[in-house]
$ cat final_15.cif   # mmCIF, N, CA and C atoms
data_coords
loop_
_atom_site.label_atom_id
_atom_site.label_comp_id
_atom_site.auth_asym_id
_atom_site.auth_seq_id
_atom_site.Cartn_x
_atom_site.Cartn_y
_atom_site.Cartn_z
N MET A 1 10.74 12.27 11.53
CA MET A 1 9.71 11.63 10.74
C MET A 1 9.57 12.34 9.40
N ASN A 2 10.58 12.19 8.59
CA ASN A 2 10.49 12.88 7.30
C ASN A 2 11.15 12.11 6.17
N ASN A 3 11.32 10.82 6.33
CA ASN A 3 11.83 10.01 5.24
C ASN A 3 10.73 9.77 4.23
N SER A 4 11.05 9.88 2.96
CA SER A 4 10.07 9.63 1.91
C SER A 4 9.74 8.14 1.90
N PHE A 5 8.47 7.83 2.01
CA PHE A 5 8.01 6.44 2.00
C PHE A 5 8.43 5.76 0.70
N LYS A 6 8.12 6.41 -0.40
CA LYS A 6 8.41 5.84 -1.73
C LYS A 6 9.91 5.57 -1.88
N ASP A 7 10.74 6.54 -1.55
CA ASP A 7 12.18 6.38 -1.68
C ASP A 7 12.70 5.26 -0.79
N TYR A 8 12.21 5.21 0.45
CA TYR A 8 12.65 4.19 1.39
C TYR A 8 12.27 2.79 0.88
N ILE A 9 11.01 2.61 0.51
CA ILE A 9 10.54 1.30 0.06
C ILE A 9 11.29 0.86 -1.19
N ASN A 10 11.38 1.74 -2.17
CA ASN A 10 12.07 1.39 -3.41
C ASN A 10 13.54 1.04 -3.15
N TYR A 11 14.22 1.81 -2.33
CA TYR A 11 15.62 1.55 -2.00
C TYR A 11 15.78 0.19 -1.32
N GLN A 12 14.91 -0.09 -0.35
CA GLN A 12 15.00 -1.36 0.39
C GLN A 12 14.69 -2.55 -0.52
N LEU A 13 13.76 -2.39 -1.44
CA LEU A 13 13.45 -3.48 -2.36
C LEU A 13 14.61 -3.73 -3.33
N ILE A 14 15.25 -2.67 -3.77
CA ILE A 14 16.42 -2.81 -4.65
C ILE A 14 17.55 -3.49 -3.89
N LYS A 15 17.75 -3.12 -2.61
CA LYS A 15 18.76 -3.77 -1.78
C LYS A 15 18.51 -5.27 -1.66
N ARG A 16 17.25 -5.67 -1.73
CA ARG A 16 16.89 -7.09 -1.64
C ARG A 16 16.97 -7.79 -2.99
N GLY A 17 17.38 -7.04 -4.01
CA GLY A 17 17.59 -7.65 -5.32
C GLY A 17 16.43 -7.52 -6.29
N TYR A 18 15.45 -6.71 -5.96
CA TYR A 18 14.30 -6.52 -6.85
C TYR A 18 14.51 -5.29 -7.71
N PHE A 19 14.23 -5.43 -9.00
CA PHE A 19 14.30 -4.29 -9.90
C PHE A 19 12.99 -4.08 -10.65
N ASN A 20 12.05 -5.00 -10.43
CA ASN A 20 10.74 -4.94 -11.06
C ASN A 20 9.70 -5.20 -9.98
N PHE A 21 8.76 -4.29 -9.81
CA PHE A 21 7.80 -4.41 -8.71
C PHE A 21 6.98 -5.69 -8.81
N ASP A 22 6.72 -6.16 -10.02
CA ASP A 22 5.95 -7.39 -10.20
C ASP A 22 6.63 -8.59 -9.53
N GLU A 23 7.96 -8.56 -9.46
CA GLU A 23 8.72 -9.69 -8.91
C GLU A 23 8.76 -9.70 -7.39
N VAL A 24 8.44 -8.59 -6.75
CA VAL A 24 8.55 -8.47 -5.30
C VAL A 24 7.59 -9.44 -4.63
N LYS A 25 8.12 -10.26 -3.73
CA LYS A 25 7.28 -11.20 -2.99
C LYS A 25 6.49 -10.44 -1.94
N SER A 26 5.29 -10.91 -1.69
CA SER A 26 4.40 -10.22 -0.75
C SER A 26 5.03 -10.11 0.64
N GLU A 27 5.73 -11.17 1.10
CA GLU A 27 6.34 -11.12 2.43
C GLU A 27 7.42 -10.04 2.50
N ASP A 28 8.19 -9.91 1.42
CA ASP A 28 9.24 -8.89 1.41
C ASP A 28 8.65 -7.49 1.41
N LEU A 29 7.58 -7.29 0.65
CA LEU A 29 6.93 -5.98 0.62
C LEU A 29 6.40 -5.62 2.01
N ILE A 30 5.73 -6.57 2.65
CA ILE A 30 5.19 -6.32 3.99
C ILE A 30 6.31 -6.01 4.97
N THR A 31 7.38 -6.79 4.93
CA THR A 31 8.51 -6.58 5.84
C THR A 31 9.13 -5.20 5.66
N VAL A 32 9.32 -4.79 4.43
CA VAL A 32 9.94 -3.49 4.15
C VAL A 32 9.03 -2.35 4.62
N ILE A 33 7.74 -2.49 4.39
CA ILE A 33 6.80 -1.45 4.85
C ILE A 33 6.78 -1.41 6.37
N GLU A 34 6.74 -2.57 7.01
CA GLU A 34 6.78 -2.60 8.48
C GLU A 34 8.06 -1.97 9.00
N ASP A 35 9.20 -2.25 8.35
CA ASP A 35 10.47 -1.65 8.76
C ASP A 35 10.42 -0.12 8.68
N TYR A 36 9.78 0.39 7.62
CA TYR A 36 9.62 1.84 7.48
C TYR A 36 8.87 2.40 8.68
N PHE A 37 7.77 1.76 9.04
CA PHE A 37 6.98 2.24 10.18
C PHE A 37 7.78 2.17 11.48
N PHE A 38 8.48 1.06 11.71
CA PHE A 38 9.29 0.95 12.93
C PHE A 38 10.34 2.06 12.98
N ASN A 39 11.00 2.32 11.84
CA ASN A 39 12.01 3.39 11.79
C ASN A 39 11.40 4.75 12.05
N GLU A 40 10.29 5.03 11.41
CA GLU A 40 9.66 6.34 11.56
C GLU A 40 9.09 6.53 12.96
N LEU A 41 8.60 5.46 13.56
CA LEU A 41 8.05 5.54 14.92
C LEU A 41 9.14 5.50 15.98
N GLU A 42 10.37 5.24 15.51
CA GLU A 42 11.53 5.14 16.39
C GLU A 42 11.26 4.16 17.53
N THR A 43 10.79 2.99 17.14
CA THR A 43 10.49 1.94 18.11
C THR A 43 11.16 0.65 17.66
N GLU A 44 11.45 -0.20 18.61
CA GLU A 44 12.06 -1.48 18.28
C GLU A 44 11.03 -2.38 17.63
N LYS A 45 11.52 -3.28 16.79
CA LYS A 45 10.61 -4.22 16.15
C LYS A 45 9.91 -5.05 17.21
N ASN A 46 8.63 -5.27 16.96
CA ASN A 46 7.83 -6.08 17.88
C ASN A 46 6.81 -6.86 17.07
N GLU A 47 5.82 -7.40 17.72
CA GLU A 47 4.83 -8.26 17.06
C GLU A 47 3.69 -7.49 16.39
N SER A 48 3.75 -6.18 16.39
CA SER A 48 2.67 -5.39 15.77
C SER A 48 2.58 -5.72 14.28
N ASP A 49 1.34 -5.84 13.79
CA ASP A 49 1.17 -6.11 12.37
C ASP A 49 1.19 -4.79 11.58
N ILE A 50 1.21 -4.92 10.28
CA ILE A 50 1.34 -3.76 9.41
C ILE A 50 0.19 -2.76 9.59
N PHE A 51 -1.00 -3.26 9.90
CA PHE A 51 -2.17 -2.39 10.05
C PHE A 51 -2.11 -1.60 11.36
N THR A 52 -1.65 -2.24 12.41
CA THR A 52 -1.46 -1.55 13.70
C THR A 52 -0.37 -0.50 13.56
N LEU A 53 0.71 -0.86 12.87
CA LEU A 53 1.81 0.09 12.68
C LEU A 53 1.35 1.31 11.89
N PHE A 54 0.54 1.09 10.86
CA PHE A 54 0.02 2.22 10.10
C PHE A 54 -0.81 3.13 10.98
N THR A 55 -1.65 2.54 11.83
CA THR A 55 -2.49 3.33 12.75
C THR A 55 -1.62 4.20 13.64
N MET A 56 -0.58 3.61 14.20
CA MET A 56 0.33 4.37 15.07
C MET A 56 1.05 5.47 14.28
N TYR A 57 1.49 5.13 13.08
CA TYR A 57 2.19 6.08 12.23
C TYR A 57 1.29 7.26 11.87
N LYS A 58 0.07 6.94 11.45
CA LYS A 58 -0.87 7.98 11.00
C LYS A 58 -1.20 8.99 12.09
N GLU A 59 -1.16 8.54 13.35
CA GLU A 59 -1.44 9.44 14.47
C GLU A 59 -0.33 10.47 14.68
N GLN A 60 0.87 10.15 14.23
CA GLN A 60 2.01 11.05 14.43
C GLN A 60 2.43 11.80 13.17
N ALA A 61 2.08 11.27 12.02
CA ALA A 61 2.58 11.81 10.75
C ALA A 61 1.67 12.90 10.22
N SER A 62 2.22 13.67 9.29
CA SER A 62 1.42 14.69 8.61
C SER A 62 0.47 14.01 7.62
N GLU A 63 -0.58 14.71 7.26
CA GLU A 63 -1.52 14.17 6.27
C GLU A 63 -0.81 13.94 4.94
N GLU A 64 0.14 14.80 4.62
CA GLU A 64 0.91 14.66 3.39
C GLU A 64 1.68 13.33 3.37
N SER A 65 2.28 12.97 4.50
CA SER A 65 3.03 11.71 4.59
C SER A 65 2.11 10.50 4.46
N VAL A 66 0.95 10.58 5.06
CA VAL A 66 -0.03 9.49 4.97
C VAL A 66 -0.53 9.37 3.53
N MET A 67 -0.78 10.50 2.89
CA MET A 67 -1.22 10.51 1.48
C MET A 67 -0.17 9.88 0.58
N GLU A 68 1.11 10.12 0.89
CA GLU A 68 2.18 9.53 0.09
C GLU A 68 2.09 8.00 0.13
N ILE A 69 1.80 7.45 1.29
CA ILE A 69 1.68 5.99 1.43
C ILE A 69 0.49 5.48 0.62
N ILE A 70 -0.64 6.15 0.75
CA ILE A 70 -1.84 5.73 0.02
C ILE A 70 -1.59 5.81 -1.49
N ASN A 71 -0.98 6.90 -1.94
CA ASN A 71 -0.68 7.05 -3.37
C ASN A 71 0.31 5.99 -3.84
N TYR A 72 1.28 5.64 -3.01
CA TYR A 72 2.24 4.60 -3.36
C TYR A 72 1.51 3.27 -3.57
N LEU A 73 0.58 2.95 -2.68
CA LEU A 73 -0.17 1.70 -2.81
C LEU A 73 -1.03 1.70 -4.07
N ILE A 74 -1.67 2.83 -4.35
CA ILE A 74 -2.48 2.94 -5.57
C ILE A 74 -1.60 2.75 -6.80
N ASN A 75 -0.44 3.41 -6.80
CA ASN A 75 0.48 3.28 -7.94
C ASN A 75 1.02 1.86 -8.07
N SER A 76 1.28 1.21 -6.93
CA SER A 76 1.76 -0.18 -6.97
C SER A 76 0.71 -1.11 -7.56
N LEU A 77 -0.54 -0.92 -7.15
CA LEU A 77 -1.62 -1.72 -7.74
C LEU A 77 -1.76 -1.44 -9.23
N SER A 78 -1.59 -0.19 -9.62
CA SER A 78 -1.65 0.18 -11.04
C SER A 78 -0.57 -0.56 -11.83
N ILE A 79 0.63 -0.60 -11.29
CA ILE A 79 1.74 -1.32 -11.93
C ILE A 79 1.42 -2.80 -12.04
N MET A 80 0.93 -3.37 -10.95
CA MET A 80 0.64 -4.81 -10.91
C MET A 80 -0.40 -5.22 -11.95
N GLN A 81 -1.38 -4.40 -12.17
CA GLN A 81 -2.44 -4.77 -13.10
C GLN A 81 -2.26 -4.19 -14.50
N GLY A 82 -1.25 -3.34 -14.67
CA GLY A 82 -0.99 -2.77 -15.98
C GLY A 82 -2.02 -1.76 -16.44
N GLY A 83 -2.58 -1.01 -15.50
CA GLY A 83 -3.56 0.02 -15.84
C GLY A 83 -3.73 0.99 -14.69
N ARG A 84 -3.88 2.25 -15.01
CA ARG A 84 -3.97 3.31 -14.01
C ARG A 84 -5.24 3.22 -13.17
N ILE A 85 -5.09 3.46 -11.88
CA ILE A 85 -6.23 3.50 -10.96
C ILE A 85 -6.40 4.94 -10.49
N GLU A 86 -7.61 5.44 -10.58
CA GLU A 86 -7.89 6.81 -10.14
C GLU A 86 -8.55 6.79 -8.76
N TRP A 87 -8.38 7.89 -8.04
CA TRP A 87 -8.97 8.03 -6.71
C TRP A 87 -10.07 9.07 -6.80
N TRP A 88 -11.32 8.66 -6.50
CA TRP A 88 -12.47 9.55 -6.56
C TRP A 88 -13.03 9.75 -5.16
N LEU A 89 -13.37 11.00 -4.85
CA LEU A 89 -13.99 11.35 -3.57
C LEU A 89 -15.46 11.64 -3.79
N PHE A 90 -16.33 10.95 -3.02
CA PHE A 90 -17.77 11.14 -3.15
C PHE A 90 -18.42 11.27 -1.79
N GLY A 91 -19.22 12.28 -1.60
CA GLY A 91 -20.07 12.40 -0.42
C GLY A 91 -19.36 12.25 0.91
N LYS A 92 -20.16 11.95 1.91
CA LYS A 92 -19.65 11.79 3.27
C LYS A 92 -19.99 10.39 3.79
N ASN A 93 -19.17 9.93 4.72
CA ASN A 93 -19.40 8.66 5.43
C ASN A 93 -19.58 7.45 4.52
N LYS A 94 -18.88 7.42 3.41
CA LYS A 94 -18.94 6.26 2.53
C LYS A 94 -17.74 5.37 2.79
N GLU A 95 -17.98 4.07 2.76
CA GLU A 95 -16.89 3.11 2.91
C GLU A 95 -16.05 3.13 1.64
N PRO A 96 -14.72 3.03 1.76
CA PRO A 96 -13.90 2.96 0.56
C PRO A 96 -14.21 1.68 -0.23
N LYS A 97 -14.23 1.82 -1.54
CA LYS A 97 -14.54 0.66 -2.36
C LYS A 97 -13.79 0.75 -3.68
N LEU A 98 -13.43 -0.40 -4.19
CA LEU A 98 -12.76 -0.48 -5.48
C LEU A 98 -13.80 -0.73 -6.57
N SER A 99 -13.63 -0.04 -7.70
CA SER A 99 -14.49 -0.27 -8.85
C SER A 99 -13.68 -0.96 -9.93
N TYR A 100 -14.28 -1.98 -10.52
CA TYR A 100 -13.60 -2.79 -11.53
C TYR A 100 -14.21 -2.61 -12.90
N ASP A 101 -13.39 -2.75 -13.93
CA ASP A 101 -13.87 -2.79 -15.30
C ASP A 101 -14.48 -4.17 -15.52
N ILE A 102 -15.70 -4.23 -16.01
CA ILE A 102 -16.42 -5.50 -16.17
C ILE A 102 -15.70 -6.42 -17.15
N GLU A 103 -15.18 -5.86 -18.23
CA GLU A 103 -14.56 -6.69 -19.27
C GLU A 103 -13.18 -7.21 -18.89
N THR A 104 -12.35 -6.36 -18.27
CA THR A 104 -10.97 -6.75 -17.98
C THR A 104 -10.76 -7.22 -16.54
N ASN A 105 -11.72 -6.95 -15.68
CA ASN A 105 -11.63 -7.24 -14.25
C ASN A 105 -10.46 -6.51 -13.59
N LYS A 106 -10.05 -5.39 -14.18
CA LYS A 106 -9.01 -4.55 -13.59
C LYS A 106 -9.66 -3.45 -12.77
N ILE A 107 -8.96 -3.05 -11.72
CA ILE A 107 -9.44 -1.95 -10.89
C ILE A 107 -9.30 -0.66 -11.69
N VAL A 108 -10.35 0.13 -11.76
CA VAL A 108 -10.29 1.41 -12.46
C VAL A 108 -10.26 2.59 -11.50
N SER A 109 -10.84 2.37 -10.29
CA SER A 109 -10.82 3.48 -9.33
C SER A 109 -11.01 2.97 -7.91
N ILE A 110 -10.56 3.81 -6.99
CA ILE A 110 -10.92 3.63 -5.59
C ILE A 110 -11.82 4.81 -5.27
N ASN A 111 -12.96 4.51 -4.69
CA ASN A 111 -13.95 5.53 -4.37
C ASN A 111 -14.03 5.66 -2.86
N THR A 112 -13.83 6.88 -2.39
CA THR A 112 -13.85 7.11 -0.95
C THR A 112 -14.71 8.32 -0.63
N SER A 113 -14.97 8.47 0.62
CA SER A 113 -15.71 9.61 1.15
C SER A 113 -14.82 10.85 1.11
N THR A 114 -15.43 12.02 1.08
CA THR A 114 -14.64 13.25 1.14
C THR A 114 -14.00 13.43 2.52
N ASP A 115 -14.60 12.86 3.54
CA ASP A 115 -13.97 12.84 4.86
C ASP A 115 -13.18 11.53 4.95
N ILE A 116 -11.98 11.58 4.46
CA ILE A 116 -11.14 10.41 4.19
C ILE A 116 -10.80 9.65 5.48
N ASP A 117 -11.08 8.35 5.46
CA ASP A 117 -10.67 7.46 6.54
C ASP A 117 -9.45 6.69 6.04
N TYR A 118 -8.26 7.24 6.32
CA TYR A 118 -7.02 6.66 5.80
C TYR A 118 -6.81 5.23 6.27
N GLN A 119 -7.25 4.91 7.46
CA GLN A 119 -7.07 3.56 7.98
C GLN A 119 -7.82 2.55 7.11
N LYS A 120 -9.06 2.84 6.80
CA LYS A 120 -9.86 1.92 5.97
C LYS A 120 -9.29 1.82 4.55
N ILE A 121 -8.83 2.95 4.03
CA ILE A 121 -8.25 2.93 2.68
C ILE A 121 -6.96 2.10 2.68
N PHE A 122 -6.13 2.30 3.69
CA PHE A 122 -4.89 1.55 3.78
C PHE A 122 -5.18 0.05 3.85
N VAL A 123 -6.11 -0.35 4.69
CA VAL A 123 -6.45 -1.77 4.84
C VAL A 123 -6.94 -2.34 3.50
N LEU A 124 -7.85 -1.62 2.84
CA LEU A 124 -8.39 -2.08 1.56
C LEU A 124 -7.28 -2.22 0.51
N LEU A 125 -6.46 -1.19 0.37
CA LEU A 125 -5.40 -1.22 -0.65
C LEU A 125 -4.33 -2.27 -0.33
N MET A 126 -3.92 -2.33 0.92
CA MET A 126 -2.87 -3.28 1.31
C MET A 126 -3.36 -4.71 1.12
N ASN A 127 -4.58 -5.02 1.55
CA ASN A 127 -5.12 -6.37 1.37
C ASN A 127 -5.26 -6.72 -0.10
N THR A 128 -5.71 -5.77 -0.91
CA THR A 128 -5.85 -6.01 -2.34
C THR A 128 -4.49 -6.25 -2.98
N LEU A 129 -3.50 -5.46 -2.61
CA LEU A 129 -2.15 -5.62 -3.15
C LEU A 129 -1.57 -6.98 -2.74
N ILE A 130 -1.73 -7.35 -1.49
CA ILE A 130 -1.22 -8.65 -1.02
C ILE A 130 -1.93 -9.79 -1.76
N ASP A 131 -3.25 -9.71 -1.88
CA ASP A 131 -4.00 -10.75 -2.60
C ASP A 131 -3.52 -10.89 -4.04
N LEU A 132 -3.31 -9.77 -4.70
CA LEU A 132 -2.85 -9.79 -6.08
C LEU A 132 -1.44 -10.37 -6.18
N LYS A 133 -0.57 -9.98 -5.27
CA LYS A 133 0.80 -10.51 -5.26
C LYS A 133 0.80 -12.02 -5.00
N VAL A 134 0.03 -12.46 -4.02
CA VAL A 134 -0.02 -13.89 -3.69
C VAL A 134 -0.56 -14.70 -4.88
N SER A 135 -1.61 -14.20 -5.53
CA SER A 135 -2.15 -14.94 -6.68
C SER A 135 -1.14 -14.99 -7.83
N ARG A 136 -0.38 -13.92 -8.02
CA ARG A 136 0.67 -13.92 -9.06
C ARG A 136 1.80 -14.89 -8.69
N GLU A 137 2.16 -14.93 -7.40
CA GLU A 137 3.21 -15.85 -6.96
C GLU A 137 2.76 -17.29 -7.17
N GLU A 138 1.49 -17.59 -6.90
CA GLU A 138 0.97 -18.94 -7.12
C GLU A 138 0.95 -19.30 -8.59
N GLU A 139 0.61 -18.33 -9.45
CA GLU A 139 0.62 -18.56 -10.89
C GLU A 139 2.01 -18.91 -11.38
N ARG A 140 3.02 -18.22 -10.86
CA ARG A 140 4.40 -18.48 -11.27
C ARG A 140 4.87 -19.87 -10.86
N LYS A 141 4.37 -20.36 -9.73
CA LYS A 141 4.76 -21.69 -9.25
C LYS A 141 4.22 -22.80 -10.13
N ARG A 142 3.10 -22.54 -10.81
CA ARG A 142 2.47 -23.57 -11.63
C ARG A 142 3.23 -23.83 -12.89
#

$ encode --input "final_15.cif" --output "structure tokens"
Amino acid sequence: MNNSFKDYINYQLIKRGYFNFDEVKSEDLITVIEDYFFNELETEKNESDIFTLFTMYKEQASEESVMEIINYLINSLSIMQGGRIEWWLFGKNKEPKLSYDIETNKIVSINTSTDIDYQKIFVLLMNTLIDLKVSREEERKR
């Protein structure tokens, strides 16, 4: 369990013919991330969804490896919206939340508790990334 998440995902996306993250279809991104989890968990592909796989992965992986995934998602969202997103830690027992710039409607930060709940952060970031990708794909179809 020591493959770099970023390297694996980027390599697999390039193998699928993507050279620009904006062009990556949401289904392909999800499939590649799920494949990473299946490989790292050394389990055969099954019906588990990406969120269940992350939960299983996080239980076995180092905090550093989990942080790499969270940072990759933050960086991917930053690329998608064309502006850097910062990660701020505040207090205890706070739900993760995204803060938006009122004028541009771009995400400026993700705010989380100092006692980090990686599962909740992963769900928030992954859902936001998928929503953004799907809305961009729909825009391109028009």

$ resolve_selection --input "final_15.cif" --expression "the PyMOL selection byres (((chain A and resi 111 and name CA) around 12) and name CA)" --output "JSON, numbers by chain"
{"A": [74, 85, 86, 87, 88, 89, 90, 91, 92, 93, 94, 95, 96, 97, 98, 99, 100, 107, 108, 109, 110, 112, 113, 114, 115, 116, 117, 120, 121, 124, 125]}

$ resolve_selection --input "final_15.cif" --expression "the PyMOL selection byres (((chain A and resi 128-139 and name CA) around 10) and name CA)" --output "MDAnalysis selection string"
chainID A and resid 21:27 29:30 73:74 76:78 80:81 98 122:127 140:142

$ residues_around --input "final_15.cif" --residues "Val66 (chain A)" --least-positions-apart "5" --cutoff "8 Å" --atoms "only C-alpha atoms" --output "list in words"
Lys58, Ala61 and Tyr118 of chain A

$ atom_distance --input "final_15.cif" --atom1 "CA of Leu53 (chain A)" --atom2 "CA of Asp7 (chain A)"
18.8 Å

$ axis_aligned_box --input "final_15.cif" --around "region 42-51 of chain A" --padding-each-side "8 Å" --output "JSON"
{"center_x": 4.9, "center_y": -1.5, "center_z": 14.0, "size_x": 30.2, "size_y": 29.5, "size_z": 25.2}

$ atom_distance --input "final_15.cif" --atom1 "atom C of Asp35 (chain A)" --atom2 "atom N of Phe5 (chain A)"
10.6 Å

$ closest_residue --input "final_15.cif" --among "A:Ser4, A:Glu34, A:Tyr11, A:Asp101" --to "Thr55 (chain A)" --atoms "only C-alpha atoms"
A:Glu34

$ select_by_dssp --input "final_15.cif" --residues "region 63-94 of chain A" --states "helix (DSSP H, G or I)" --output "mmCIF file with N, CA and C atoms, in the coordinates of the input"
data_model
loop_
_atom_site.group_PDB
_atom_site.id
_atom_site.type_symbol
_atom_site.label_atom_id
_atom_site.label_comp_id
_atom_site.auth_asym_id
_atom_site.auth_seq_id
_atom_site.Cartn_x
_atom_site.Cartn_y
_atom_site.Cartn_z
ATOM 1 N N GLU A 63 -0.580 14.710 7.260
ATOM 2 C CA GLU A 63 -1.520 14.170 6.270
ATOM 3 C C GLU A 63 -0.810 13.940 4.940
ATOM 4 N N GLU A 64 0.140 14.800 4.620
ATOM 5 C CA GLU A 64 0.910 14.660 3.390
ATOM 6 C C GLU A 64 1.680 13.330 3.370
ATOM 7 N N SER A 65 2.280 12.970 4.500
ATOM 8 C CA SER A 65 3.030 11.710 4.590
ATOM 9 C C SER A 65 2.110 10.500 4.460
ATOM 10 N N VAL A 66 0.950 10.580 5.060
ATOM 11 C CA VAL A 66 -0.030 9.490 4.970
ATOM 12 C C VAL A 66 -0.530 9.370 3.530
ATOM 13 N N MET A 67 -0.780 10.500 2.890
ATOM 14 C CA MET A 67 -1.220 10.510 1.480
ATOM 15 C C MET A 67 -0.170 9.880 0.580
ATOM 16 N N GLU A 68 1.110 10.120 0.890
ATOM 17 C CA GLU A 68 2.180 9.530 0.090
ATOM 18 C C GLU A 68 2.090 8.000 0.130
ATOM 19 N N ILE A 69 1.800 7.450 1.290
ATOM 20 C CA ILE A 69 1.680 5.990 1.430
ATOM 21 C C ILE A 69 0.490 5.480 0.620
ATOM 22 N N ILE A 70 -0.640 6.150 0.750
ATOM 23 C CA ILE A 70 -1.840 5.730 0.020
ATOM 24 C C ILE A 70 -1.590 5.810 -1.490
ATOM 25 N N ASN A 71 -0.980 6.900 -1.940
ATOM 26 C CA ASN A 71 -0.680 7.050 -3.370
ATOM 27 C C ASN A 71 0.310 5.990 -3.840
ATOM 28 N N TYR A 72 1.280 5.640 -3.010
ATOM 29 C CA TYR A 72 2.240 4.600 -3.360
ATOM 30 C C TYR A 72 1.510 3.270 -3.570
ATOM 31 N N LEU A 73 0.580 2.950 -2.680
ATOM 32 C CA LEU A 73 -0.170 1.700 -2.810
ATOM 33 C C LEU A 73 -1.030 1.700 -4.070
ATOM 34 N N ILE A 74 -1.670 2.830 -4.350
ATOM 35 C CA ILE A 74 -2.480 2.940 -5.570
ATOM 36 C C ILE A 74 -1.600 2.750 -6.800
ATOM 37 N N ASN A 75 -0.440 3.410 -6.800
ATOM 38 C CA ASN A 75 0.480 3.280 -7.940
ATOM 39 C C ASN A 75 1.020 1.860 -8.070
ATOM 40 N N SER A 76 1.280 1.210 -6.930
ATOM 41 C CA SER A 76 1.760 -0.180 -6.970
ATOM 42 C C SER A 76 0.710 -1.110 -7.560
ATOM 43 N N LEU A 77 -0.540 -0.920 -7.150
ATOM 44 C CA LEU A 77 -1.620 -1.720 -7.740
ATOM 45 C C LEU A 77 -1.760 -1.440 -9.230
ATOM 46 N N SER A 78 -1.590 -0.190 -9.620
ATOM 47 C CA SER A 78 -1.650 0.180 -11.040
ATOM 48 C C SER A 78 -0.570 -0.560 -11.830
ATOM 49 N N ILE A 79 0.630 -0.600 -11.290
ATOM 50 C CA ILE A 79 1.740 -1.320 -11.930
ATOM 51 C C ILE A 79 1.420 -2.800 -12.040
ATOM 52 N N MET A 80 0.930 -3.370 -10.950
ATOM 53 C CA MET A 80 0.640 -4.810 -10.910
ATOM 54 C C MET A 80 -0.400 -5.220 -11.950
ATOM 55 N N GLN A 81 -1.380 -4.400 -12.170
ATOM 56 C CA GLN A 81 -2.440 -4.770 -13.100
ATOM 57 C C GLN A 81 -2.260 -4.190 -14.500
#

$ select_by_dssp --input "final_15.cif" --residues "chain A" --states "strand (DSSP E)" --output "number ranges by chain"
A: 86-89, 97-100, 107-112

$ atom_distance --input "final_15.cif" --atom1 "CA of Glu44 (chain A)" --atom2 "CA of Asn71 (chain A)"
26.5 Å

$ decode --input "final_15.cif" --residues "region 95-110 of chain A" --atoms "N, CA and C atoms" --output "short mmCIF file (atom, residue, chain, number, x, y, z; two decimals), in the first residue's frame"
data_model
loop_
_atom_site.label_atom_id
_atom_site.label_comp_id
_atom_site.auth_asym_id
_atom_site.auth_seq_id
_atom_site.Cartn_x
_atom_site.Cartn_y
_atom_site.Cartn_z
N GLU A 95 -18.48 20.50 11.20
CA GLU A 95 -18.71 19.82 9.93
C GLU A 95 -17.87 20.52 8.86
N PRO A 96 -17.27 19.75 7.94
CA PRO A 96 -16.53 20.39 6.86
C PRO A 96 -17.49 21.21 5.98
N LYS A 97 -17.01 22.36 5.55
CA LYS A 97 -17.86 23.22 4.73
C LYS A 97 -17.00 24.00 3.75
N LEU A 98 -17.56 24.25 2.60
CA LEU A 98 -16.89 25.04 1.58
C LEU A 98 -17.32 26.49 1.71
N SER A 99 -16.36 27.40 1.56
CA SER A 99 -16.66 28.83 1.55
C SER A 99 -16.46 29.36 0.14
N TYR A 100 -17.42 30.16 -0.30
CA TYR A 100 -17.40 30.69 -1.66
C TYR A 100 -17.19 32.18 -1.67
N ASP A 101 -16.56 32.67 -2.73
CA ASP A 101 -16.44 34.10 -2.97
C ASP A 101 -17.80 34.58 -3.48
N ILE A 102 -18.36 35.60 -2.88
CA ILE A 102 -19.70 36.08 -3.22
C ILE A 102 -19.76 36.57 -4.67
N GLU A 103 -18.72 37.26 -5.12
CA GLU A 103 -18.74 37.85 -6.46
C GLU A 103 -18.53 36.82 -7.57
N THR A 104 -17.59 35.89 -7.37
CA THR A 104 -17.25 34.95 -8.44
C THR A 104 -17.93 33.59 -8.30
N ASN A 105 -18.48 33.32 -7.13
CA ASN A 105 -19.08 32.02 -6.81
C ASN A 105 -18.07 30.89 -6.90
N LYS A 106 -16.79 31.21 -6.73
CA LYS A 106 -15.74 30.20 -6.71
C LYS A 106 -15.45 29.81 -5.26
N ILE A 107 -15.07 28.56 -5.08
CA ILE A 107 -14.69 28.09 -3.75
C ILE A 107 -13.36 28.73 -3.38
N VAL A 108 -13.28 29.32 -2.20
CA VAL A 108 -12.03 29.92 -1.74
C VAL A 108 -11.36 29.08 -0.66
N SER A 109 -12.19 28.31 0.09
CA SER A 109 -11.59 27.48 1.13
C SER A 109 -12.51 26.34 1.52
N ILE A 110 -11.87 25.32 2.09
CA ILE A 110 -12.61 24.28 2.77
C ILE A 110 -12.26 24.46 4.24
#
